[in-house]
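Below is coords_38.txt, holding compact mmCIF, C-alpha atoms.
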```txt
# COMPACT_ATOMS: atom_id res chain seq x y z
CA MET A 126 101.88 80.58 56.42
CA THR A 127 103.39 80.58 59.93
CA GLN A 128 100.43 82.50 61.30
CA TYR A 129 98.00 79.73 60.33
CA ILE A 130 100.12 77.11 62.08
CA VAL A 131 100.45 79.30 65.17
CA LEU A 132 96.67 79.82 65.25
CA SER A 133 96.23 76.07 64.91
CA ALA A 134 98.63 75.50 67.82
CA ILE A 135 96.80 78.04 69.99
CA LEU A 136 93.42 76.48 69.28
CA PHE A 137 94.82 73.02 70.00
CA THR A 138 96.22 74.23 73.32
CA ILE A 139 92.90 75.81 74.31
CA GLY A 140 91.17 72.54 73.47
CA CYS A 141 93.69 70.64 75.60
CA VAL A 142 93.17 72.89 78.61
CA GLY A 143 89.42 72.58 78.14
CA VAL A 144 89.57 68.79 78.19
CA LEU A 145 91.63 68.92 81.40
CA THR A 146 89.58 71.51 83.27
CA ARG A 147 85.93 71.16 82.32
CA ARG A 148 83.73 68.65 84.16
CA ASN A 149 80.70 68.47 81.89
CA ALA A 150 81.17 65.53 79.53
CA ILE A 151 79.57 67.38 76.62
CA VAL A 152 81.86 70.38 76.99
CA VAL A 153 84.86 68.05 77.25
CA PHE A 154 83.70 66.52 74.00
CA MET A 155 83.39 69.93 72.37
CA CYS A 156 86.96 70.67 73.36
CA VAL A 157 88.06 67.43 71.66
CA GLU A 158 86.28 68.66 68.54
CA LEU A 159 88.12 71.95 68.86
CA MET A 160 91.43 70.08 68.90
CA LEU A 161 90.47 68.08 65.80
CA ASN A 162 89.51 71.30 64.04
CA ALA A 163 92.81 72.90 64.97
CA CYS A 164 94.63 69.95 63.39
CA ASN A 165 92.51 70.30 60.27
CA LEU A 166 93.55 73.92 59.94
CA ALA A 167 97.21 72.88 60.06
CA PHE A 168 96.58 70.20 57.42
CA VAL A 169 94.88 72.63 55.07
CA ALA A 170 97.56 75.26 55.62
CA PHE A 171 100.32 72.74 54.84
CA ALA A 172 98.42 71.62 51.75
CA LYS A 173 98.73 75.14 50.44
CA GLN A 174 102.35 75.38 51.57
CA HIS A 175 103.39 72.27 49.66
CA GLY A 176 101.09 72.72 46.71
CA ASN A 177 99.43 69.30 46.78
CA LEU A 178 96.00 68.26 47.89
CA ASP A 179 96.92 65.39 50.22
CA GLY A 180 96.55 67.68 53.23
CA GLN A 181 93.01 68.56 52.24
CA ILE A 182 92.15 64.87 51.78
CA THR A 183 93.50 64.15 55.26
CA ALA A 184 91.44 66.98 56.71
CA PHE A 185 88.41 65.49 54.97
CA PHE A 186 89.08 62.08 56.51
CA VAL A 187 89.54 63.69 59.93
CA MET A 188 86.10 65.24 59.53
CA VAL A 189 84.54 61.88 58.65
CA VAL A 190 86.17 60.20 61.64
CA ALA A 191 85.11 63.09 63.88
CA ALA A 192 81.51 62.70 62.75
CA ALA A 193 81.54 58.99 63.58
CA GLU A 194 83.26 59.69 66.89
CA VAL A 195 80.70 62.31 67.88
CA VAL A 196 77.82 59.94 67.17
CA ILE A 197 79.29 57.21 69.35
CA GLY A 198 80.53 59.57 72.04
CA LEU A 199 77.22 61.32 72.47
CA ALA A 200 75.43 57.96 72.58
CA ILE A 201 77.79 56.88 75.38
CA ILE A 202 77.22 60.14 77.25
CA MET A 203 73.46 59.62 76.96
CA THR A 204 73.71 56.04 78.21
CA ILE A 205 75.78 57.17 81.20
CA PHE A 206 73.34 59.97 81.87
CA ARG A 207 70.43 57.52 81.78
CA THR A 208 71.95 55.31 84.46
CA ARG A 209 73.59 57.99 86.63
CA ARG A 210 71.46 61.09 86.00
CA SER A 211 74.63 63.11 85.59
CA ALA A 212 76.77 64.31 82.72
CA SER A 213 79.78 65.02 84.88
CA VAL A 214 82.94 63.14 84.02
CA ASP A 215 83.75 62.73 87.71
CA ASP A 216 80.65 60.67 88.42
CA ALA A 217 81.60 57.89 86.04
CA SER A 218 84.29 56.56 88.35
CA LEU A 219 83.17 52.99 89.05
CA LEU A 220 86.22 51.47 87.39
CA LYS A 221 88.40 53.18 89.99
CA TYR A 222 87.23 50.93 92.79
CA MET B 1264 93.47 90.32 55.93
CA THR B 1265 90.64 87.87 56.55
CA PHE B 1266 92.98 85.92 58.77
CA TRP B 1267 93.79 88.84 61.03
CA LEU B 1268 90.10 89.65 61.37
CA LEU B 1269 89.09 86.08 62.17
CA ALA B 1270 92.02 84.85 64.26
CA PRO B 1271 91.36 87.06 67.33
CA LEU B 1272 87.66 86.23 67.07
CA MET B 1273 88.40 82.51 67.00
CA VAL B 1274 90.83 82.63 69.91
CA ALA B 1275 88.36 84.69 71.95
CA ALA B 1276 85.52 82.28 71.19
CA ALA B 1277 87.69 79.27 71.98
CA LEU B 1278 88.74 80.83 75.29
CA GLY B 1279 85.06 81.48 75.95
CA ILE B 1280 84.41 77.74 75.76
CA LEU B 1281 86.73 77.35 78.74
CA PHE B 1282 84.97 79.91 80.86
CA VAL B 1283 81.24 79.89 80.14
CA ARG B 1284 79.18 77.98 82.66
CA LYS B 1285 76.36 76.75 80.44
CA ALA B 1286 77.02 74.02 77.90
CA VAL B 1287 74.69 75.66 75.37
CA HIS B 1288 76.81 78.81 75.34
CA ALA B 1289 79.90 76.67 74.81
CA ALA B 1290 78.19 75.05 71.81
CA LEU B 1291 77.37 78.45 70.30
CA LEU B 1292 80.95 79.65 70.80
CA LEU B 1293 82.16 76.46 69.16
CA ALA B 1294 79.91 77.28 66.21
CA VAL B 1295 81.65 80.66 65.92
CA VAL B 1296 85.04 78.93 65.84
CA MET B 1297 83.90 76.39 63.25
CA ILE B 1298 82.34 78.91 60.87
CA SER B 1299 85.45 81.09 61.11
CA LEU B 1300 87.52 78.00 60.33
CA ALA B 1301 85.36 77.37 57.28
CA VAL B 1302 86.13 80.89 56.04
CA LEU B 1303 89.83 80.28 56.63
CA TYR B 1304 89.59 77.11 54.53
CA ALA B 1305 88.10 79.17 51.73
CA VAL B 1306 91.00 81.60 52.06
CA LEU B 1307 93.44 78.67 51.90
CA ASP B 1308 92.08 77.55 48.49
CA ALA B 1309 89.97 74.70 49.87
CA PRO B 1310 86.41 75.49 48.74
CA PHE B 1311 85.36 71.85 49.10
CA LEU B 1312 86.43 71.72 52.74
CA PHE B 1313 84.75 75.09 53.28
CA ALA B 1314 81.42 73.54 52.29
CA VAL B 1315 82.05 70.30 54.18
CA GLN B 1316 83.07 72.18 57.31
CA ILE B 1317 79.84 74.15 57.34
CA ILE B 1318 77.59 71.23 56.39
CA VAL B 1319 79.16 68.49 58.50
CA TYR B 1320 80.52 70.36 61.49
CA THR B 1321 78.26 73.33 61.97
CA GLY B 1322 75.21 71.70 60.46
CA ALA B 1323 75.34 68.13 61.69
CA ILE B 1324 77.78 67.74 64.57
CA LEU B 1325 76.86 70.88 66.47
CA MET B 1326 73.15 70.18 66.04
CA LEU B 1327 73.79 66.70 67.44
CA PHE B 1328 75.46 68.33 70.44
CA LEU B 1329 72.46 70.58 70.94
CA PHE B 1330 70.04 67.65 70.64
CA VAL B 1331 71.89 65.69 73.29
CA MET B 1332 72.00 68.78 75.47
CA MET B 1333 68.23 69.02 75.22
CA LEU B 1334 67.90 65.34 76.12
CA ILE B 1335 70.12 65.34 79.17
CA GLY B 1336 69.20 68.76 80.47
CA VAL B 1337 70.38 72.18 79.49
CA ASP B 1338 71.16 73.27 83.01
CA ALA B 1339 73.62 70.44 83.67
CA SER B 1340 76.30 72.99 84.41
CA ASP B 1341 79.76 72.24 85.66
CA SER B 1342 80.35 71.52 89.28
CA THR B 1343 83.06 73.72 90.72
CA VAL B 1344 84.32 71.04 93.09
CA GLU B 1345 87.76 69.76 92.20
CA THR B 1346 88.10 66.01 92.53
CA ILE B 1347 91.88 66.20 92.43
CA ARG B 1348 93.23 69.16 94.37
CA GLY B 1349 94.99 71.76 92.28
CA GLN B 1350 94.04 70.01 89.07
CA ARG B 1351 92.77 73.12 87.35
CA VAL B 1352 95.87 75.15 88.13
CA MET B 1353 98.07 72.29 87.02
CA ALA B 1354 96.08 71.91 83.81
CA VAL B 1355 96.32 75.62 83.00
CA VAL B 1356 100.05 75.71 83.75
CA LEU B 1357 100.69 72.61 81.65
CA GLY B 1358 98.52 73.98 78.87
CA LEU B 1359 100.40 77.27 78.87
CA LEU B 1360 103.74 75.46 78.82
CA PHE B 1361 102.57 73.24 75.99
CA GLY B 1362 101.28 76.22 74.01
CA ILE B 1363 104.48 78.21 74.52
CA VAL B 1364 106.67 75.29 73.49
CA LEU B 1365 104.51 74.71 70.42
CA VAL B 1366 104.40 78.36 69.34
CA VAL B 1367 108.11 78.94 69.99
CA GLY B 1368 108.93 75.73 68.15
CA ILE B 1369 106.90 76.79 65.15
CA GLY B 1370 108.50 80.22 65.31
CA GLN B 1371 111.95 78.62 64.93
CA VAL B 1372 111.01 76.92 61.68
CA THR B 1373 111.16 78.57 58.32
CA PHE B 1374 108.63 77.15 55.92
CA GLY B 1375 110.14 78.46 52.72
CA THR B 1376 108.12 79.90 49.89
CA VAL B 1377 104.47 78.97 49.64
CA VAL B 1378 103.98 76.79 46.58
CA GLY B 1379 100.25 77.52 46.42
CA LEU B 1380 97.49 75.35 45.06
CA ASP B 1381 96.96 77.13 41.74
CA GLU B 1382 98.55 74.28 39.83
CA ALA B 1383 96.86 71.47 41.80
CA ASN B 1384 93.49 73.22 41.64
CA ALA B 1385 93.81 73.99 37.93
CA GLY B 1386 90.76 71.97 36.90
CA GLY B 1387 88.78 73.04 39.95
CA ASN B 1388 89.26 72.05 43.57
CA VAL B 1389 86.45 69.49 43.75
CA PRO B 1390 87.49 67.49 40.63
CA ALA B 1391 91.10 67.56 41.82
CA ILE B 1392 90.14 66.20 45.24
CA ALA B 1393 87.90 63.58 43.62
CA ASN B 1394 90.81 62.46 41.42
CA ILE B 1395 93.05 61.81 44.42
CA LEU B 1396 90.29 60.48 46.67
CA PHE B 1397 89.16 57.83 44.22
CA SER B 1398 92.61 56.75 43.08
CA LYS B 1399 95.33 57.10 45.71
CA TYR B 1400 93.07 57.07 48.76
CA VAL B 1401 90.33 54.75 47.54
CA PHE B 1402 90.97 52.10 50.22
CA ALA B 1403 90.89 54.69 52.98
CA PHE B 1404 87.64 55.92 51.48
CA GLU B 1405 86.19 52.40 51.56
CA ALA B 1406 87.34 52.02 55.15
CA THR B 1407 85.46 55.18 56.15
CA SER B 1408 82.27 53.66 54.80
CA ALA B 1409 82.78 50.69 57.14
CA LEU B 1410 83.52 53.16 59.94
CA LEU B 1411 80.32 55.12 59.32
CA ILE B 1412 78.19 51.97 59.24
CA THR B 1413 79.80 50.80 62.49
CA ALA B 1414 79.14 54.20 64.05
CA ALA B 1415 75.48 54.17 63.04
CA LEU B 1416 75.08 50.64 64.38
CA GLY B 1417 76.92 51.47 67.58
CA ALA B 1418 74.78 54.53 68.22
CA MET B 1419 71.65 52.43 67.78
CA VAL B 1420 72.93 49.74 70.15
CA LEU B 1421 73.98 52.30 72.77
CA ALA B 1422 70.86 54.43 72.58
CA HIS B 1423 68.47 51.49 72.57
CA ARG B 1424 66.98 50.74 75.95
CA GLU B 1425 65.60 47.38 76.98
CA ARG B 1426 62.37 47.68 78.90
CA LEU B 1427 63.08 45.84 82.14
CA THR B 1428 59.70 46.35 83.78
CA PRO B 1429 56.32 46.08 82.06
CA LYS B 1430 54.89 49.32 80.73
CA LEU B 1431 52.47 50.94 83.16
CA GLY B 1432 48.98 51.34 81.73
CA GLN B 1433 46.32 53.81 82.74
CA ALA B 1434 44.74 51.32 85.15
CA ASP B 1435 48.11 50.66 86.83
CA LEU B 1436 48.76 54.37 87.20
CA ALA B 1437 45.32 54.94 88.75
CA ALA B 1438 45.90 52.04 91.16
CA GLN B 1439 49.33 53.48 92.06
CA ARG B 1440 47.72 56.84 92.73
CA MET B 1441 45.14 55.30 95.05
CA ARG B 1442 47.91 53.36 96.81
CA ASP B 1443 49.92 56.54 97.34
CA TYR B 1444 46.81 58.22 98.78
CA ALA B 1445 46.13 55.30 101.13
CA GLU B 1446 49.71 54.98 102.34
CA HIS B 1447 51.13 58.51 102.31
CA GLY B 1448 48.02 60.65 102.04
CA LYS B 1449 49.24 62.12 98.78
CA HIS B 1450 46.62 64.28 97.06
CA LEU B 1451 44.62 62.29 94.53
CA GLY B 1452 43.73 65.01 92.04
CA PRO B 1453 45.92 66.97 89.66
CA LEU B 1454 48.45 69.48 90.94
CA PRO B 1455 47.26 73.05 91.44
CA SER B 1456 47.72 75.38 88.52
CA PRO B 1457 50.10 78.37 88.80
CA GLY B 1458 48.83 81.73 89.95
CA VAL B 1459 46.76 83.98 87.71
CA TYR B 1460 47.06 87.65 88.57
CA ALA B 1461 45.79 90.82 87.01
CA ARG B 1462 49.12 91.83 85.52
CA HIS B 1463 50.98 88.56 85.34
CA ASN B 1464 49.97 85.02 84.56
CA ALA B 1465 52.71 82.61 83.69
CA VAL B 1466 53.92 79.22 84.84
CA ASP B 1467 56.70 80.85 86.86
CA THR B 1468 54.39 82.42 89.45
CA PRO B 1469 53.07 80.21 92.24
CA ALA B 1470 49.43 80.32 93.23
CA LEU B 1471 48.58 81.73 96.64
CA LEU B 1472 46.98 79.63 99.35
CA PRO B 1473 44.14 81.16 101.42
CA ASP B 1474 46.60 82.17 104.13
CA GLY B 1475 48.75 84.10 101.65
CA THR B 1476 51.62 81.66 101.39
CA ALA B 1477 52.74 80.38 98.03
CA ALA B 1478 51.61 76.91 96.91
CA GLU B 1479 54.93 75.21 96.23
CA SER B 1480 53.44 72.44 94.10
CA SER B 1481 51.83 74.86 91.64
CA VAL B 1482 55.09 75.62 89.83
CA SER B 1483 57.30 73.15 88.03
CA ARG B 1484 60.19 71.96 90.16
CA VAL B 1485 62.49 72.54 87.19
CA LEU B 1486 61.74 76.26 87.39
CA VAL B 1487 62.33 76.18 91.14
CA ALA B 1488 65.68 74.44 90.67
CA ARG B 1489 66.72 77.03 88.14
CA GLY B 1490 65.68 79.88 90.42
CA THR B 1491 63.47 81.69 87.92
CA VAL B 1492 60.31 81.54 89.99
CA ARG B 1493 58.77 84.91 90.79
CA SER B 1494 57.28 85.31 94.19
CA ALA B 1495 53.68 86.46 94.23
CA PRO B 1496 54.22 89.16 96.89
CA ALA B 1497 56.95 90.68 94.74
CA LEU B 1498 54.32 91.26 92.07
CA ALA B 1499 52.51 93.54 94.49
CA ASP B 1500 55.57 95.78 94.83
CA ASP B 1501 54.95 97.71 91.67
CA ILE B 1502 51.26 98.30 92.43
CA ASP B 1503 52.09 101.60 94.14
CA ASP B 1504 54.29 102.55 91.23
CA VAL B 1505 51.52 101.87 88.72
CA ARG B 1506 48.97 103.70 90.82
CA ARG B 1507 51.25 106.75 91.04
CA GLN B 1508 51.72 106.77 87.29
CA ILE B 1509 47.98 106.52 86.64
CA GLY B 1510 47.21 109.16 89.27
CA GLY B 1511 49.76 111.52 87.78
CA LEU B 1512 48.04 111.32 84.44
CA ASP B 1513 44.54 111.93 85.84
CA GLY B 1514 43.19 109.28 83.56
CA HIS B 1515 43.48 111.21 80.28
CA GLY B 1516 47.12 111.32 79.38
CA ASP B 1517 49.05 110.30 76.36
CA PRO B 1518 48.46 106.56 75.87
CA THR B 1519 52.10 106.03 74.99
CA THR B 1520 53.16 107.00 78.51
CA MET B 1521 50.61 104.75 80.15
CA PRO B 1522 52.17 102.13 82.41
CA GLU B 1523 52.98 98.75 81.09
CA THR B 1524 49.91 96.56 81.48
CA SER B 1525 50.79 93.55 79.40
CA GLY B 1526 51.96 91.72 82.48
CA LYS B 1527 55.46 91.53 81.15
CA ALA B 1528 56.88 94.33 83.23
CA GLY B 1529 59.80 93.20 85.30
CA ALA B 1530 59.39 89.62 84.26
CA PRO B 1531 62.68 87.77 84.44
CA ALA B 1532 64.48 87.35 81.19
CA HIS B 1533 63.73 83.96 79.72
CA THR B 1534 66.07 82.37 77.31
CA GLU B 1535 65.08 79.86 74.68
CA GLU B 1536 66.65 77.04 76.59
CA ASP B 1537 64.66 77.80 79.71
CA VAL B 1538 61.45 77.48 77.77
CA GLN B 1539 62.58 74.28 76.13
CA LYS B 1540 63.63 72.80 79.43
CA GLY B 1541 60.31 73.70 80.97
CA GLU B 1542 58.39 71.98 78.21
CA GLU B 1543 60.62 68.95 78.28
CA LYS B 1544 60.03 68.22 81.94
```
Could you show the structure in this file as structure tokens?
Amino acid sequence: MTQYIVLSAILFTIGCVGVLTRRNAIVVFMCVELMLNACNLAFVAFAKQHGNLDGQITAFFVMVVAAAEVVIGLAIIMTIFRTRRSASVDDASLLKY
Amino acid sequence: MTFWLLAPLMVAAALGILFVRKAVHAALLLAVVMISLAVLYAVLDAPFLFAVQIIVYTGAILMLFLFVMMLIGVDASDSTVETIRGQRVMAVVLGLLFGIVLVVGIGQVTFGTVVGLDEANAGGNVPAIANILFSKYVFAFEATSALLITAALGAMVLAHRERLTPKLGQADLAAQRMRDYAEHGKHLGPLPSPGVYARHNAVDTPALLPDGTAAESSVSRVLVARGTVRSAPALADDIDDVRRQIGGLDGHGDPTTMPETSGKAGAPAHTEEDVQKGEEK
């Protein structure tokens, strides 16, 4: 069972680094999805470890929330792109000033 | 066994997301990770999540990503300029530290014997999940319905655009065209079409002006920006090559060794996304 959790941790770390390093908003978003997926893997693995299905239910809810989040997030990215003609996270910096 | 086959694949694909330049490639690598995850769910006795993972994540969410990528431009690749100096190095170092701490921490823990889901899944995984979902978690389930409705509404509000200026009709566009001609001397007619040559006619080859220079306006500026435009003089380079091949055959050789005449020889490799982008603009 440890190997599943370790894989989940590795995927989560890769997603983290991706969020911190990539500049394209869509790729940043994909890395967030990767982190959510890594958490789901841990949930499902622990469900098997403990022999009850609560972990699988939680993973299911995470998927539902992720779907809603992607819809809103991509709509925001599109709105920003429409006004700024750029999908780079560095260009949306008006709040800084 | 399945795990050890899939885990290196998943880590490699996930690392690929960090390094590929094009967002489309990142999306495809993410699809690899997600499908592999679905298989792992199946291995972990979660057939329902296996199906949901493929349908919701790979089917819906990734396609949504690809749609948005088409809308905002496939070639919107990352800029390499760092806004904060040393940010990337810091991020990688922090990420490595975080990963090491996490993996070492997990390595210290013993999980005990695996109970397994045979008992919980006795009547089938889907009925068992339904039993819990509609009894213990029924309020959370109701809350997700509110969440999904809010998300749909929010997406509509965000994606809807108010028209601030009146829509330009055909007469307005014609008047604008005449105004441009009067003020800037901009050509009134349509743009010139791309070059048509004996062995190559495609939108990526500019037409030639009478003096032999390429007509810049005859190719789409998207193709120019992407750097996939062929220069017309370069097409002439292989004329000697073709002539030599024909001469060597004396006109009655084996047709299979005849030179390529479909006009595709040496054409730059086009990917699907290039074509889509070209059509979109």
To one decimal place, how far is CA of Gly1379 (chain B) from CA of Leu1312 (chain B) in Å?
->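 Rounded to one decimal, the two atoms are 16.3 Å apart.
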Could I get the residues of chain A with an atom no further than 8 Å from an atom of chain B, each paired with its nearest atom pair and that distance in Å to one decimal, using all atoms listed in the file, sorted by chain and residue number, as CSV?
```
residue,atom,partner,partner_atom,distance
A:Met126,CA,B:Val1377,CA,7.4
A:Thr127,CA,B:Ile1369,CA,7.3
A:Ile130,CA,B:Ile1369,CA,7.4
A:Val131,CA,B:Val1366,CA,5.8
A:Leu132,CA,B:Ala1270,CA,6.9
A:Ala134,CA,B:Leu1365,CA,6.5
A:Ile135,CA,B:Gly1362,CA,6.3
A:Leu136,CA,B:Val1274,CA,6.7
A:Thr138,CA,B:Gly1362,CA,5.5
A:Ile139,CA,B:Leu1278,CA,6.6
A:Gly140,CA,B:Ala1277,CA,7.7
A:Cys141,CA,B:Gly1358,CA,6.7
A:Val142,CA,B:Gly1358,CA,5.5
A:Gly143,CA,B:Leu1281,CA,5.5
A:Leu145,CA,B:Ala1354,CA,5.9
A:Thr146,CA,B:Arg1351,CA,5.4
A:Arg147,CA,B:Asp1341,CA,7.1
A:Arg148,CA,B:Asp1341,CA,5.6
A:Asn149,CA,B:Asp1341,CA,5.4
A:Ile151,CA,B:Ala1286,CA,7.2
A:Val152,CA,B:Ala1286,CA,6.1
A:Met155,CA,B:Ala1290,CA,7.3
A:Cys156,CA,B:Ile1280,CA,7.9
A:Leu159,CA,B:Leu1293,CA,7.5
A:Asn162,CA,B:Met1297,CA,7.6
A:Leu166,CA,B:Leu1300,CA,7.3
A:Val169,CA,B:Tyr1304,CA,7.0
A:Ala170,CA,B:Leu1307,CA,6.5
A:Ala172,CA,B:Leu1380,CA,7.7
A:Lys173,CA,B:Gly1379,CA,4.9
A:Gln174,CA,B:Val1377,CA,4.6
A:His175,CA,B:Val1378,CA,5.5
A:Gly176,CA,B:Leu1380,CA,4.8
A:Asn177,CA,B:Ala1383,CA,6.0
A:Leu178,CA,B:Ile1392,CA,6.8
A:Asp179,CA,B:Ile1395,CA,7.8
A:Gln181,CA,B:Ala1309,CA,7.2
A:Ile182,CA,B:Ile1392,CA,7.0
A:Ala184,CA,B:Leu1312,CA,8.0
A:Phe185,CA,B:Leu1312,CA,6.9
A:Phe186,CA,B:Thr1407,CA,7.8
A:Met188,CA,B:Val1319,CA,7.7
A:Val189,CA,B:Thr1407,CA,7.2
A:Val190,CA,B:Thr1407,CA,7.5
A:Ala192,CA,B:Ile1324,CA,6.5
A:Ala193,CA,B:Ala1414,CA,5.4
A:Glu194,CA,B:Ala1414,CA,7.4
A:Val195,CA,B:Ile1324,CA,7.0
A:Val196,CA,B:Ala1418,CA,6.3
A:Ile197,CA,B:Ala1418,CA,5.4
A:Leu199,CA,B:Val1331,CA,6.9
A:Ala200,CA,B:Ala1418,CA,5.6
A:Ile201,CA,B:Leu1421,CA,6.5
A:Met203,CA,B:Ile1335,CA,7.0
A:Thr204,CA,B:Ala1422,CA,6.5
A:Phe206,CA,B:Ile1335,CA,6.8
A:Ser211,CA,B:Ala1339,CA,7.6
A:Ala212,CA,B:Ala1339,CA,7.0
A:Ser213,CA,B:Asp1341,CA,7.3
A:Asp215,CA,B:Thr1346,CA,7.3
```
Please, what distance in Å, to one decimal, runs between CA of Gly1452 (chain B) and CA of Ser1494 (chain B)?
->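 Pair CA of Gly1452 (chain B) / CA of Ser1494 (chain B) returns 24.5 Å.
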Around region 173-177 of chain A, with edges along x, y and z and 5 Å added on all six sides, what centre and edge lengths do you get, in Å to one decimal, as AutoDock Vina command-line options?
```
--center_x 101.1 --center_y 72.3 --center_z 49.1 --size_x 14.7 --size_y 16.1 --size_z 14.9
```
Within 6 Å of region 1475-1490 of chain B, counting all atoms listed in the file, which residues qualify if same-chain residues fewer than 4 places away don't, as an MDAnalysis selection string?
-> chainID B and resid 1455:1457 1469:1471
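Here CA of Glu1446 (chain B) stands at a distance of 19.8 Å from CA of Leu1431 (chain B).
Taking only C-alpha atoms into account, Ala167 (chain A) lies nearest to A:Ser133 out of the set A:Gln128, A:Ser218, A:Thr208, A:Ser133.
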Closest of A:Gly198, A:Val187, A:Leu220, A:Arg210 to Val153 (chain A) - atom-to-atom distances counting all atoms listed in the file | A:Gly198
